[in-house]
Amino acid sequence: MDSTAQRAGVDAFARVWAAALAETGYAGMDRDALVERVREHTGVLVAALRAERFDPEPVERVGVALVELRFTAARTLAASVQLIGEDLLRVIGAEGDRAAASRVTAVQGAFAAGFADALRDKIFRDQEVIRRAALDARRGAESALLASEARFRAMFSQTAVGICISDATGMVIDANAALAGMLGYRLSQLRGVPVRKLRHPDEPAALTGPLDDMRAGLRDHYRAERLLRRADGSALPTDLSVSLVRDEVGAPQFLVAMAEDVTERHRLQERLRHQANHDPLTGLANRALFTERLAEVFGRGDDHRVGLCYLDIDGFKVINDSLGHHIGDQLLVAVAERLDRLVSTPDRLVARMGGDEFVVLCSGTTRRAMEELSDKILRALAEPVPIGGHRLGVSASIGLVERSVGEATPAETMRDADVTLYWAKADGKNRWIAYDPDRNAREVARFTLSARMPAAVESEEFYVDYQPIVRLSDGKLTGVEALVRWAHPELGRLGPDQFIGLAEETGLIVNLGRWVLREAAGQARRWRARYGDGAPMVSVNLAARQTQEPDLVSDVETIIGAAGLPPSSIQLELTESAIMSTTGGPLRTLRQIADLGIRIAIDDFGTGYSNLAYLRHLPVHAIKLAGSFMEGLSAAHPSDPADETIVTTLVSLSHALGHEVIAEGVEDSTQAERLRAIGCDSAQGWLFAKAGPPEEIERMLDAQLLTAPTPRSG
Ligand code: C2E
Ligand code: CA
Ligand code: CA
């Protein structure tokens, strides 16, 4: 909104406000002058609405200024607060802006506080005038009497404040019209009644004590908010101020009481309190009230049990974006109503935390009760909501936390509820999930791991172990698989199953994989230098994510070229699913790698699609049979004919396609013997060796060289 439009808005607001004020009192200035004053005040309010940080003081001073302008009626306050609430947002062009709306409440509050304080001070000053007038009257100097009588009478009869003068015995001597009006009596009915008849029975002692003290001359002033009793018996809340007038020797003579009707102010305070604690759209408690209640519940002793259902509507953004905010708002209202209906006992609170997030807070509950409540909530929301001609199906995800309050702080509990809600979403939505500390610990560990990983690659906390691949026909070690490990400074040695998945998720696998390849290539070169053509082929795992890297081919070429290796001494392993899902770019990448002369093997074959026909079109040199087939070939089990048949078929089909077959996970000699009989080329597994440092491989190669001339003995 431009500044001209805003200035026009301020002008219009000031005119409406001035007119409203003029109806509640008389400022003793003409309308234009009043509008001018009010415009200045409007400017202050607008500035407060827009300010980055809210400062209540200038706004309070606007309230004070109205009292100084002699707008002192309760209606002045009510009308102004209403106007601020309804129109001020429009002036700054921020209708519908939630943040600005909550600022309006703050502005109303500060304004009302300033007004009320100023009014109270004014009443106190007025009372002094009356007291003096009463004193002067008693002293009896004619002229002074006349002057003060006139002043006294004017004030007494015209003020909106109720005034009552009583004698030392507690009888009403006189009262003004305002008091009679407030209490619903005629003036004549008030005169001569005992003062105690005017106090409300709900607080007899609170009022009697101080007044008795005053009549006994023990105190001169008394001020408090007190309930008076109306003619019909109902209670009237007042701001009551009583002063003692003594006679010439100092003995108590009259009590002058002034009562301001604070009904309107109370109602306003109540409304402001409600506004500050409730969500304007749904009428539910807001985050502020929820936080307050949560703190209360946590104050009820360590064994007290607290339960939270933290709820978020599934796919709300889609509804909002496709059907419009208006429909979205109606949906939120409908959800709020359903929740509110389900949860209406005093030990439970439903709050809207913002957006499409709600929370149900239960005090003194059980795990079982919370689970049932979560089920009920999901069922209640499942019923489609009719809105604007649509029947909207809604589901929600709920994170449930139930614990004794001694176990955690409110903030920790909220964080756990938030995490659990996230699990419910991640696990497929439309469900509740209860907080599980073990799962949380695992996820925190995962997070900690993935956060540390980039630095770990830099600082070479990773290392590579090698597992032998053995030719079945003669038991010779012909290759090794490079398997990465992480020597974590705090957690110790971590296997790839603990971090490869994470590295794929974060994309770090690209750097890590390049590092492993370089490391393995370096090792291959050292072996080549030592064993010449007897050096083992080195097989390195490649994650699916790496094949999507545009630089993969050139990286591989550079690394192998730098190591001076014949390309066929390196093999890259990809899982079946990684290859099958690769089309277009990645498949071209594989072809380019194969064209360099590097071998490609399919890892864990048989666990995925096992589409042999498709294999024909791929640049593959070897397949690695998944370890799961080995069980049926084992001596420990009665040999499973199905497994044996499958393995036989896979081996002969692979051979027909020109692929070499390497069996994985070979743990006993029966398996090895059967595989050899079937015609499987090579095998890898604990029967031969677990993965270990390069020196282990060297020991085996050295032993092989020594025993090579003679057949194996013993
Ligand atoms: P994989 O490629 O299937 O590797 C074989 C896994 O089986 C290795 O586990 C190995 O220690 C284990 N193994 C070997 N022989 C036997 C046996 O006789 N019985 C049984 N039960 N298991 C055996 P590891 O080292 O924990 O590696 C797990 C997986 O991590 C690997 O499975 C591979 O997919 C992945 N991985 C390892 N290193 C790398 C790497 O550098 N890059 C990528 N992308 N993935 C890697
Ligand atoms: Ca592998
Ligand atoms: Ca494997």
# chains A, B, ... in the order shown; residues from 1 in each chain; ligands from 1
$ residues_around --residues "A:Asp117" --least-positions-apart "5" --cutoff "12 Å" --atoms "only C-alpha atoms" --output "list of chain:residue names"
A:Glu60, A:Arg61, A:Val62, A:Gly63, A:Val64, A:Ala65, A:Leu66, A:Val67, A:Glu68, A:Thr72, A:Ala110, A:Phe111, A:Ala112, A:Lys122, A:Ile123, A:Phe124, A:Asp239, A:Arg265
$ write_last_selection --atoms "C-alpha atoms" --output "PDB file, in the first residue's frame"
ATOM      1  CA  GLU A  60      -0.581   3.687  26.544  1.00  0.00           C
ATOM      2  CA  ARG A  61      -0.068   7.436  26.270  1.00  0.00           C
ATOM      3  CA  VAL A  62      -2.843   7.588  23.648  1.00  0.00           C
ATOM      4  CA  GLY A  63      -5.194   6.088  26.269  1.00  0.00           C
ATOM      5  CA  VAL A  64      -3.998   8.674  28.816  1.00  0.00           C
ATOM      6  CA  ALA A  65      -4.533  11.466  26.302  1.00  0.00           C
ATOM      7  CA  LEU A  66      -8.205  10.562  25.848  1.00  0.00           C
ATOM      8  CA  VAL A  67      -8.783  10.814  29.597  1.00  0.00           C
ATOM      9  CA  GLU A  68      -6.996  14.162  29.608  1.00  0.00           C
ATOM     10  CA  THR A  72     -13.809   9.313  30.620  1.00  0.00           C
ATOM     11  CA  ALA A 110      -1.810  -1.196  25.823  1.00  0.00           C
ATOM     12  CA  PHE A 111      -4.384   1.425  24.910  1.00  0.00           C
ATOM     13  CA  ALA A 112      -6.887   0.082  27.473  1.00  0.00           C
ATOM     14  CA  LYS A 122      -8.336  11.262  37.678  1.00  0.00           C
ATOM     15  CA  ILE A 123     -10.896   9.809  40.072  1.00  0.00           C
ATOM     16  CA  PHE A 124      -8.404  10.052  42.862  1.00  0.00           C
ATOM     17  CA  ASP A 239     -13.089   0.569  41.472  1.00  0.00           C
ATOM     18  CA  ARG A 265     -13.327  -2.729  31.598  1.00  0.00           C
TER      19      ARG A 265
END
$ residues_around --residues "A:Glu490" --least-positions-apart "6" --cutoff "12 Å" --atoms "only C-alpha atoms" --output "PyMOL selection string"
chain A and resi 445+448-449+452+461
$ select_by_dssp --residues "stretch 129-326 of chain A" --states "strand (DSSP E)" --output "ChimeraX atom specification"
/A:162-167,172-175,221-229,235-246,252-261,305-313
$ residues_around --residues "A:Arg271" --least-positions-apart "2" --cutoff "12 Å" --atoms "only C-alpha atoms" --output "PyMOL selection string"
chain A and resi 78+81-82+85+105+108-109+112+264-269+273-278+280
$ closest_residue --among "A:Gly299, A:Gly522, A:Gly606, A:Gly501" --to "ligand 1" --atoms "only C-alpha atoms and all ligand atoms"
A:Gly501
$ residues_around --residues "A:Pro237" --least-positions-apart "4" --cutoff "9 Å" --atoms "only C-alpha atoms" --output "MDAnalysis selection string"
chainID A and resid 225:229 260:263 266
$ closest_atom_pairs --of "chain A" --to "ligand 2" --cutoff "6 Å" --atoms "only C-alpha atoms and all ligand atoms" --output "CSV"
residue,atom,partner,partner_atom_place_in_ligand_line,distance
A:Asn541,CA,ligand 2,1 (Ca),5.3
A:Glu573,CA,ligand 2,1 (Ca),5.8
A:Asp603,CA,ligand 2,1 (Ca),5.4
$ write_last_selection --atoms "N, CA and C atoms" --output "PDB file, in the first residue's frame"
ATOM      1  N   ASN A 541      32.999 -51.604  -5.552  1.00  0.00           N
ATOM      2  CA  ASN A 541      31.548 -51.366  -5.605  1.00  0.00           C
ATOM      3  C   ASN A 541      31.232 -49.953  -6.082  1.00  0.00           C
ATOM      4  N   GLU A 573      31.446 -53.122  -9.551  1.00  0.00           N
ATOM      5  CA  GLU A 573      30.247 -53.894  -9.221  1.00  0.00           C
ATOM      6  C   GLU A 573      29.061 -52.957  -9.041  1.00  0.00           C
ATOM      7  N   ASP A 603      26.180 -57.098  -9.072  1.00  0.00           N
ATOM      8  CA  ASP A 603      26.293 -57.518  -7.676  1.00  0.00           C
ATOM      9  C   ASP A 603      24.952 -58.080  -7.190  1.00  0.00           C
TER      10      ASP A 603
END
$ residues_near_ligand --ligand "ligand 1" --cutoff "9 Å" --atoms "only C-alpha atoms and all ligand atoms" --output "ChimeraX atom specification"
/A:464-467,481-485,495-501,503-504,509-510,512-517,540-546,573-575,603-604,624,626-628,664-668,684-691
$ residues_around --residues "A:Met370" --least-positions-apart "5" --cutoff "10 Å" --atoms "only C-alpha atoms" --output "mmCIF file with N, CA, C and O atoms, in the first residue's frame"
data_model
loop_
_atom_site.group_PDB
_atom_site.id
_atom_site.type_symbol
_atom_site.label_atom_id
_atom_site.label_comp_id
_atom_site.auth_asym_id
_atom_site.auth_seq_id
_atom_site.Cartn_x
_atom_site.Cartn_y
_atom_site.Cartn_z
ATOM 1 N N VAL A 306 1.636 -37.039 31.576
ATOM 2 C CA VAL A 306 1.181 -36.078 30.587
ATOM 3 C C VAL A 306 1.152 -36.770 29.224
ATOM 4 O O VAL A 306 1.970 -37.651 28.961
ATOM 5 N N GLY A 307 0.178 -36.414 28.396
ATOM 6 C CA GLY A 307 0.093 -36.991 27.059
ATOM 7 C C GLY A 307 -0.112 -35.896 26.023
ATOM 8 O O GLY A 307 -0.817 -34.915 26.265
ATOM 9 N N LEU A 308 0.539 -36.061 24.874
ATOM 10 C CA LEU A 308 0.396 -35.090 23.780
ATOM 11 C C LEU A 308 0.090 -35.818 22.481
ATOM 12 O O LEU A 308 0.770 -36.779 22.143
ATOM 13 N N CYS A 309 -0.942 -35.386 21.781
ATOM 14 C CA CYS A 309 -1.122 -35.822 20.402
ATOM 15 C C CYS A 309 -0.804 -34.617 19.534
ATOM 16 O O CYS A 309 -1.535 -33.637 19.537
ATOM 17 N N VAL A 360 -3.291 -31.927 21.117
ATOM 18 C CA VAL A 360 -4.182 -32.232 22.225
ATOM 19 C C VAL A 360 -3.301 -32.531 23.423
ATOM 20 O O VAL A 360 -2.405 -33.372 23.348
ATOM 21 N N LEU A 361 -3.548 -31.811 24.499
ATOM 22 C CA LEU A 361 -2.765 -31.979 25.718
ATOM 23 C C LEU A 361 -3.634 -32.663 26.758
ATOM 24 O O LEU A 361 -4.741 -32.208 27.044
ATOM 25 N N CYS A 362 -3.177 -33.773 27.314
ATOM 26 C CA CYS A 362 -3.946 -34.495 28.328
ATOM 27 C C CYS A 362 -3.125 -34.583 29.600
ATOM 28 O O CYS A 362 -1.930 -34.854 29.566
ATOM 29 N N THR A 365 -3.002 -38.886 32.454
ATOM 30 C CA THR A 365 -3.509 -39.846 31.490
ATOM 31 C C THR A 365 -2.691 -41.135 31.528
ATOM 32 O O THR A 365 -1.800 -41.299 32.351
ATOM 33 N N ASP A 375 -6.620 -43.052 18.031
ATOM 34 C CA ASP A 375 -7.489 -43.799 17.114
ATOM 35 C C ASP A 375 -8.778 -43.035 16.861
ATOM 36 O O ASP A 375 -9.250 -42.926 15.729
ATOM 37 N N LYS A 376 -9.357 -42.531 17.947
ATOM 38 C CA LYS A 376 -10.632 -41.808 17.828
ATOM 39 C C LYS A 376 -10.481 -40.576 16.947
ATOM 40 O O LYS A 376 -11.348 -40.269 16.127
ATOM 41 N N LEU A 400 2.595 -39.132 19.003
ATOM 42 C CA LEU A 400 2.058 -39.296 20.353
ATOM 43 C C LEU A 400 3.214 -39.404 21.355
ATOM 44 O O LEU A 400 4.130 -40.209 21.156
ATOM 45 N N VAL A 401 3.152 -38.597 22.396
ATOM 46 C CA VAL A 401 4.129 -38.728 23.481
ATOM 47 C C VAL A 401 3.360 -38.873 24.773
ATOM 48 O O VAL A 401 2.429 -38.102 25.036
ATOM 49 N N GLU A 402 3.688 -39.894 25.553
ATOM 50 C CA GLU A 402 3.025 -40.092 26.842
ATOM 51 C C GLU A 402 4.111 -40.461 27.821
ATOM 52 O O GLU A 402 4.889 -41.381 27.580
ATOM 53 N N ALA A 434 3.783 -43.643 18.257
ATOM 54 C CA ALA A 434 4.173 -43.255 19.606
ATOM 55 C C ALA A 434 5.678 -43.041 19.647
ATOM 56 O O ALA A 434 6.424 -43.691 18.924
#
$ residues_around --residues "A:Arg439" --least-positions-apart "5" --cutoff "12 Å" --atoms "only C-alpha atoms" --output "compact mmCIF listing (two decimals) with N, CA and C atoms, in the first residue's frame"
# COMPACT_ATOMS: atom_id res chain seq x y z
N ASP A 416 10.15 -33.99 21.13
CA ASP A 416 9.89 -35.40 20.86
C ASP A 416 8.57 -35.58 20.11
N VAL A 419 9.26 -34.68 16.49
CA VAL A 419 10.00 -35.76 15.82
C VAL A 419 9.06 -36.92 15.49
N THR A 420 8.20 -37.26 16.46
CA THR A 420 7.30 -38.40 16.27
C THR A 420 6.28 -38.11 15.17
N TRP A 423 7.90 -38.83 12.02
CA TRP A 423 7.93 -40.27 11.73
C TRP A 423 6.60 -40.71 11.12
N ILE A 433 1.84 -42.47 15.61
CA ILE A 433 3.04 -43.20 16.02
C ILE A 433 3.41 -42.70 17.40
N ALA A 434 3.78 -43.64 18.26
CA ALA A 434 4.17 -43.26 19.61
C ALA A 434 5.68 -43.04 19.65
N VAL A 444 19.26 -39.94 15.74
CA VAL A 444 20.24 -38.95 16.14
C VAL A 444 21.62 -39.43 15.73
N ALA A 445 21.88 -40.74 15.94
CA ALA A 445 23.17 -41.31 15.57
C ALA A 445 23.39 -41.17 14.06
N ARG A 446 22.36 -41.49 13.29
CA ARG A 446 22.47 -41.35 11.84
C ARG A 446 22.80 -39.92 11.46
$ closest_residue --among "A:Pro536, A:Gly355, A:Gly399, A:Gly233" --to "A:Leu281" --atoms "only C-alpha atoms"
A:Gly355
$ select_by_dssp --residues "stretch 151-283 of chain A" --states "alpha helix (DSSP H)" --output "PDB file with N, CA and C atoms, in the first residue's frame"
ATOM      1  N   ARG A 151     -18.846  24.360  43.585  1.00  0.00           N
ATOM      2  CA  ARG A 151     -17.914  23.453  42.945  1.00  0.00           C
ATOM      3  C   ARG A 151     -18.283  22.001  43.300  1.00  0.00           C
ATOM      4  N   PHE A 152     -18.524  21.810  44.571  1.00  0.00           N
ATOM      5  CA  PHE A 152     -18.844  20.496  45.086  1.00  0.00           C
ATOM      6  C   PHE A 152     -20.103  19.935  44.433  1.00  0.00           C
ATOM      7  N   ARG A 153     -21.143  20.791  44.417  1.00  0.00           N
ATOM      8  CA  ARG A 153     -22.426  20.339  43.853  1.00  0.00           C
ATOM      9  C   ARG A 153     -22.288  19.964  42.372  1.00  0.00           C
ATOM     10  N   ALA A 154     -21.537  20.807  41.663  1.00  0.00           N
ATOM     11  CA  ALA A 154     -21.371  20.560  40.230  1.00  0.00           C
ATOM     12  C   ALA A 154     -20.715  19.209  40.003  1.00  0.00           C
ATOM     13  N   MET A 155     -19.646  19.015  40.723  1.00  0.00           N
ATOM     14  CA  MET A 155     -18.910  17.776  40.559  1.00  0.00           C
ATOM     15  C   MET A 155     -19.752  16.589  40.995  1.00  0.00           C
ATOM     16  N   PHE A 156     -20.414  16.784  42.140  1.00  0.00           N
ATOM     17  CA  PHE A 156     -21.195  15.726  42.756  1.00  0.00           C
ATOM     18  C   PHE A 156     -22.296  15.219  41.824  1.00  0.00           C
ATOM     19  N   SER A 157     -22.972  16.178  41.200  1.00  0.00           N
ATOM     20  CA  SER A 157     -24.121  15.739  40.415  1.00  0.00           C
ATOM     21  C   SER A 157     -23.764  15.389  38.972  1.00  0.00           C
ATOM     22  N   GLN A 158     -22.671  15.996  38.432  1.00  0.00           N
ATOM     23  CA  GLN A 158     -22.426  15.783  37.005  1.00  0.00           C
ATOM     24  C   GLN A 158     -21.512  14.615  36.686  1.00  0.00           C
ATOM     25  N   ALA A 177     -26.577  11.021  41.586  1.00  0.00           N
ATOM     26  CA  ALA A 177     -27.431  10.333  40.620  1.00  0.00           C
ATOM     27  C   ALA A 177     -26.678   9.192  39.942  1.00  0.00           C
ATOM     28  N   ALA A 178     -25.361   9.437  39.733  1.00  0.00           N
ATOM     29  CA  ALA A 178     -24.594   8.393  39.052  1.00  0.00           C
ATOM     30  C   ALA A 178     -24.603   7.099  39.867  1.00  0.00           C
ATOM     31  N   LEU A 179     -24.435   7.227  41.187  1.00  0.00           N
ATOM     32  CA  LEU A 179     -24.410   6.031  42.034  1.00  0.00           C
ATOM     33  C   LEU A 179     -25.777   5.348  42.025  1.00  0.00           C
ATOM     34  N   ALA A 180     -26.812   6.182  42.150  1.00  0.00           N
ATOM     35  CA  ALA A 180     -28.161   5.621  42.151  1.00  0.00           C
ATOM     36  C   ALA A 180     -28.412   4.861  40.851  1.00  0.00           C
ATOM     37  N   GLY A 181     -27.965   5.457  39.729  1.00  0.00           N
ATOM     38  CA  GLY A 181     -28.156   4.808  38.440  1.00  0.00           C
ATOM     39  C   GLY A 181     -27.395   3.486  38.359  1.00  0.00           C
ATOM     40  N   MET A 182     -26.156   3.508  38.831  1.00  0.00           N
ATOM     41  CA  MET A 182     -25.326   2.308  38.766  1.00  0.00           C
ATOM     42  C   MET A 182     -25.945   1.165  39.560  1.00  0.00           C
ATOM     43  N   LEU A 183     -26.542   1.537  40.716  1.00  0.00           N
ATOM     44  CA  LEU A 183     -27.045   0.482  41.605  1.00  0.00           C
ATOM     45  C   LEU A 183     -28.522   0.162  41.375  1.00  0.00           C
ATOM     46  N   LEU A 187     -32.639   8.046  44.045  1.00  0.00           N
ATOM     47  CA  LEU A 187     -31.781   8.738  45.012  1.00  0.00           C
ATOM     48  C   LEU A 187     -32.362   8.710  46.413  1.00  0.00           C
ATOM     49  N   SER A 188     -33.687   8.927  46.478  1.00  0.00           N
ATOM     50  CA  SER A 188     -34.327   9.006  47.788  1.00  0.00           C
ATOM     51  C   SER A 188     -34.225   7.677  48.541  1.00  0.00           C
ATOM     52  N   GLN A 189     -34.133   6.589  47.769  1.00  0.00           N
ATOM     53  CA  GLN A 189     -34.033   5.275  48.419  1.00  0.00           C
ATOM     54  C   GLN A 189     -32.677   5.068  49.077  1.00  0.00           C
ATOM     55  N   LEU A 190     -31.684   5.790  48.558  1.00  0.00           N
ATOM     56  CA  LEU A 190     -30.332   5.581  49.074  1.00  0.00           C
ATOM     57  C   LEU A 190     -30.102   6.316  50.386  1.00  0.00           C
ATOM     58  N   PRO A 204     -18.137  -9.626  52.081  1.00  0.00           N
ATOM     59  CA  PRO A 204     -18.460  -8.745  53.196  1.00  0.00           C
ATOM     60  C   PRO A 204     -17.227  -8.342  53.999  1.00  0.00           C
ATOM     61  N   ALA A 205     -16.405  -9.288  54.340  1.00  0.00           N
ATOM     62  CA  ALA A 205     -15.286  -9.014  55.235  1.00  0.00           C
ATOM     63  C   ALA A 205     -14.301  -8.052  54.605  1.00  0.00           C
ATOM     64  N   ALA A 206     -14.045  -8.250  53.306  1.00  0.00           N
ATOM     65  CA  ALA A 206     -13.047  -7.448  52.627  1.00  0.00           C
ATOM     66  C   ALA A 206     -13.382  -5.967  52.675  1.00  0.00           C
ATOM     67  N   LEU A 207     -14.648  -5.672  52.695  1.00  0.00           N
ATOM     68  CA  LEU A 207     -15.027  -4.268  52.693  1.00  0.00           C
ATOM     69  C   LEU A 207     -15.260  -3.750  54.111  1.00  0.00           C
ATOM     70  N   THR A 208     -15.829  -4.579  54.961  1.00  0.00           N
ATOM     71  CA  THR A 208     -16.188  -4.143  56.309  1.00  0.00           C
ATOM     72  C   THR A 208     -14.972  -3.732  57.125  1.00  0.00           C
ATOM     73  N   GLY A 209     -13.950  -4.568  57.117  1.00  0.00           N
ATOM     74  CA  GLY A 209     -12.756  -4.309  57.927  1.00  0.00           C
ATOM     75  C   GLY A 209     -12.195  -2.920  57.712  1.00  0.00           C
ATOM     76  N   PRO A 210     -11.799  -2.572  56.478  1.00  0.00           N
ATOM     77  CA  PRO A 210     -11.195  -1.265  56.229  1.00  0.00           C
ATOM     78  C   PRO A 210     -12.138  -0.106  56.568  1.00  0.00           C
ATOM     79  N   LEU A 211     -13.435  -0.255  56.261  1.00  0.00           N
ATOM     80  CA  LEU A 211     -14.353   0.855  56.545  1.00  0.00           C
ATOM     81  C   LEU A 211     -14.508   1.055  58.050  1.00  0.00           C
ATOM     82  N   ASP A 212     -14.570  -0.061  58.803  1.00  0.00           N
ATOM     83  CA  ASP A 212     -14.634   0.050  60.266  1.00  0.00           C
ATOM     84  C   ASP A 212     -13.404   0.770  60.794  1.00  0.00           C
ATOM     85  N   ASP A 213     -12.245   0.418  60.210  1.00  0.00           N
ATOM     86  CA  ASP A 213     -11.002   1.077  60.621  1.00  0.00           C
ATOM     87  C   ASP A 213     -11.083   2.582  60.388  1.00  0.00           C
ATOM     88  N   MET A 214     -11.647   2.969  59.249  1.00  0.00           N
ATOM     89  CA  MET A 214     -11.735   4.393  58.920  1.00  0.00           C
ATOM     90  C   MET A 214     -12.669   5.102  59.895  1.00  0.00           C
ATOM     91  N   ARG A 215     -13.802   4.468  60.160  1.00  0.00           N
ATOM     92  CA  ARG A 215     -14.750   5.085  61.099  1.00  0.00           C
ATOM     93  C   ARG A 215     -14.153   5.197  62.486  1.00  0.00           C
ATOM     94  N   THR A 263     -17.406  -2.678  35.002  1.00  0.00           N
ATOM     95  CA  THR A 263     -17.958  -3.823  34.257  1.00  0.00           C
ATOM     96  C   THR A 263     -17.382  -3.890  32.847  1.00  0.00           C
ATOM     97  N   GLU A 264     -17.441  -2.739  32.199  1.00  0.00           N
ATOM     98  CA  GLU A 264     -17.015  -2.668  30.806  1.00  0.00           C
ATOM     99  C   GLU A 264     -15.528  -3.014  30.685  1.00  0.00           C
ATOM    100  N   ARG A 265     -14.763  -2.491  31.637  1.00  0.00           N
ATOM    101  CA  ARG A 265     -13.327  -2.729  31.598  1.00  0.00           C
ATOM    102  C   ARG A 265     -13.020  -4.216  31.815  1.00  0.00           C
ATOM    103  N   HIS A 266     -13.765  -4.798  32.739  1.00  0.00           N
ATOM    104  CA  HIS A 266     -13.563  -6.228  32.982  1.00  0.00           C
ATOM    105  C   HIS A 266     -13.884  -7.053  31.747  1.00  0.00           C
ATOM    106  N   ARG A 267     -15.009  -6.672  31.134  1.00  0.00           N
ATOM    107  CA  ARG A 267     -15.417  -7.402  29.951  1.00  0.00           C
ATOM    108  C   ARG A 267     -14.339  -7.283  28.872  1.00  0.00           C
ATOM    109  N   LEU A 268     -13.815  -6.081  28.741  1.00  0.00           N
ATOM    110  CA  LEU A 268     -12.780  -5.832  27.754  1.00  0.00           C
ATOM    111  C   LEU A 268     -11.516  -6.627  28.066  1.00  0.00           C
ATOM    112  N   GLN A 269     -11.132  -6.577  29.357  1.00  0.00           N
ATOM    113  CA  GLN A 269      -9.931  -7.324  29.748  1.00  0.00           C
ATOM    114  C   GLN A 269     -10.115  -8.801  29.437  1.00  0.00           C
ATOM    115  N   GLU A 270     -11.315  -9.273  29.744  1.00  0.00           N
ATOM    116  CA  GLU A 270     -11.624 -10.682  29.491  1.00  0.00           C
ATOM    117  C   GLU A 270     -11.503 -10.981  27.989  1.00  0.00           C
ATOM    118  N   ARG A 271     -12.044 -10.033  27.192  1.00  0.00           N
ATOM    119  CA  ARG A 271     -11.998 -10.244  25.755  1.00  0.00           C
ATOM    120  C   ARG A 271     -10.560 -10.203  25.239  1.00  0.00           C
ATOM    121  N   LEU A 272      -9.794  -9.278  25.754  1.00  0.00           N
ATOM    122  CA  LEU A 272      -8.404  -9.177  25.312  1.00  0.00           C
ATOM    123  C   LEU A 272      -7.624 -10.419  25.719  1.00  0.00           C
ATOM    124  N   ARG A 273      -7.910 -10.881  26.932  1.00  0.00           N
ATOM    125  CA  ARG A 273      -7.238 -12.082  27.413  1.00  0.00           C
ATOM    126  C   ARG A 273      -7.581 -13.258  26.491  1.00  0.00           C
ATOM    127  N   HIS A 274      -8.872 -13.325  26.145  1.00  0.00           N
ATOM    128  CA  HIS A 274      -9.310 -14.399  25.277  1.00  0.00           C
ATOM    129  C   HIS A 274      -8.624 -14.293  23.917  1.00  0.00           C
ATOM    130  N   GLN A 275      -8.612 -13.062  23.381  1.00  0.00           N
ATOM    131  CA  GLN A 275      -7.985 -12.860  22.075  1.00  0.00           C
ATOM    132  C   GLN A 275      -6.520 -13.241  22.090  1.00  0.00           C
ATOM    133  N   ALA A 276      -5.849 -12.897  23.195  1.00  0.00           N
ATOM    134  CA  ALA A 276      -4.420 -13.160  23.266  1.00  0.00           C
ATOM    135  C   ALA A 276      -4.140 -14.652  23.375  1.00  0.00           C
ATOM    136  N   ASN A 277      -5.139 -15.421  23.837  1.00  0.00           N
ATOM    137  CA  ASN A 277      -4.915 -16.841  24.086  1.00  0.00           C
ATOM    138  C   ASN A 277      -5.618 -17.769  23.116  1.00  0.00           C
TER     139      ASN A 277
END
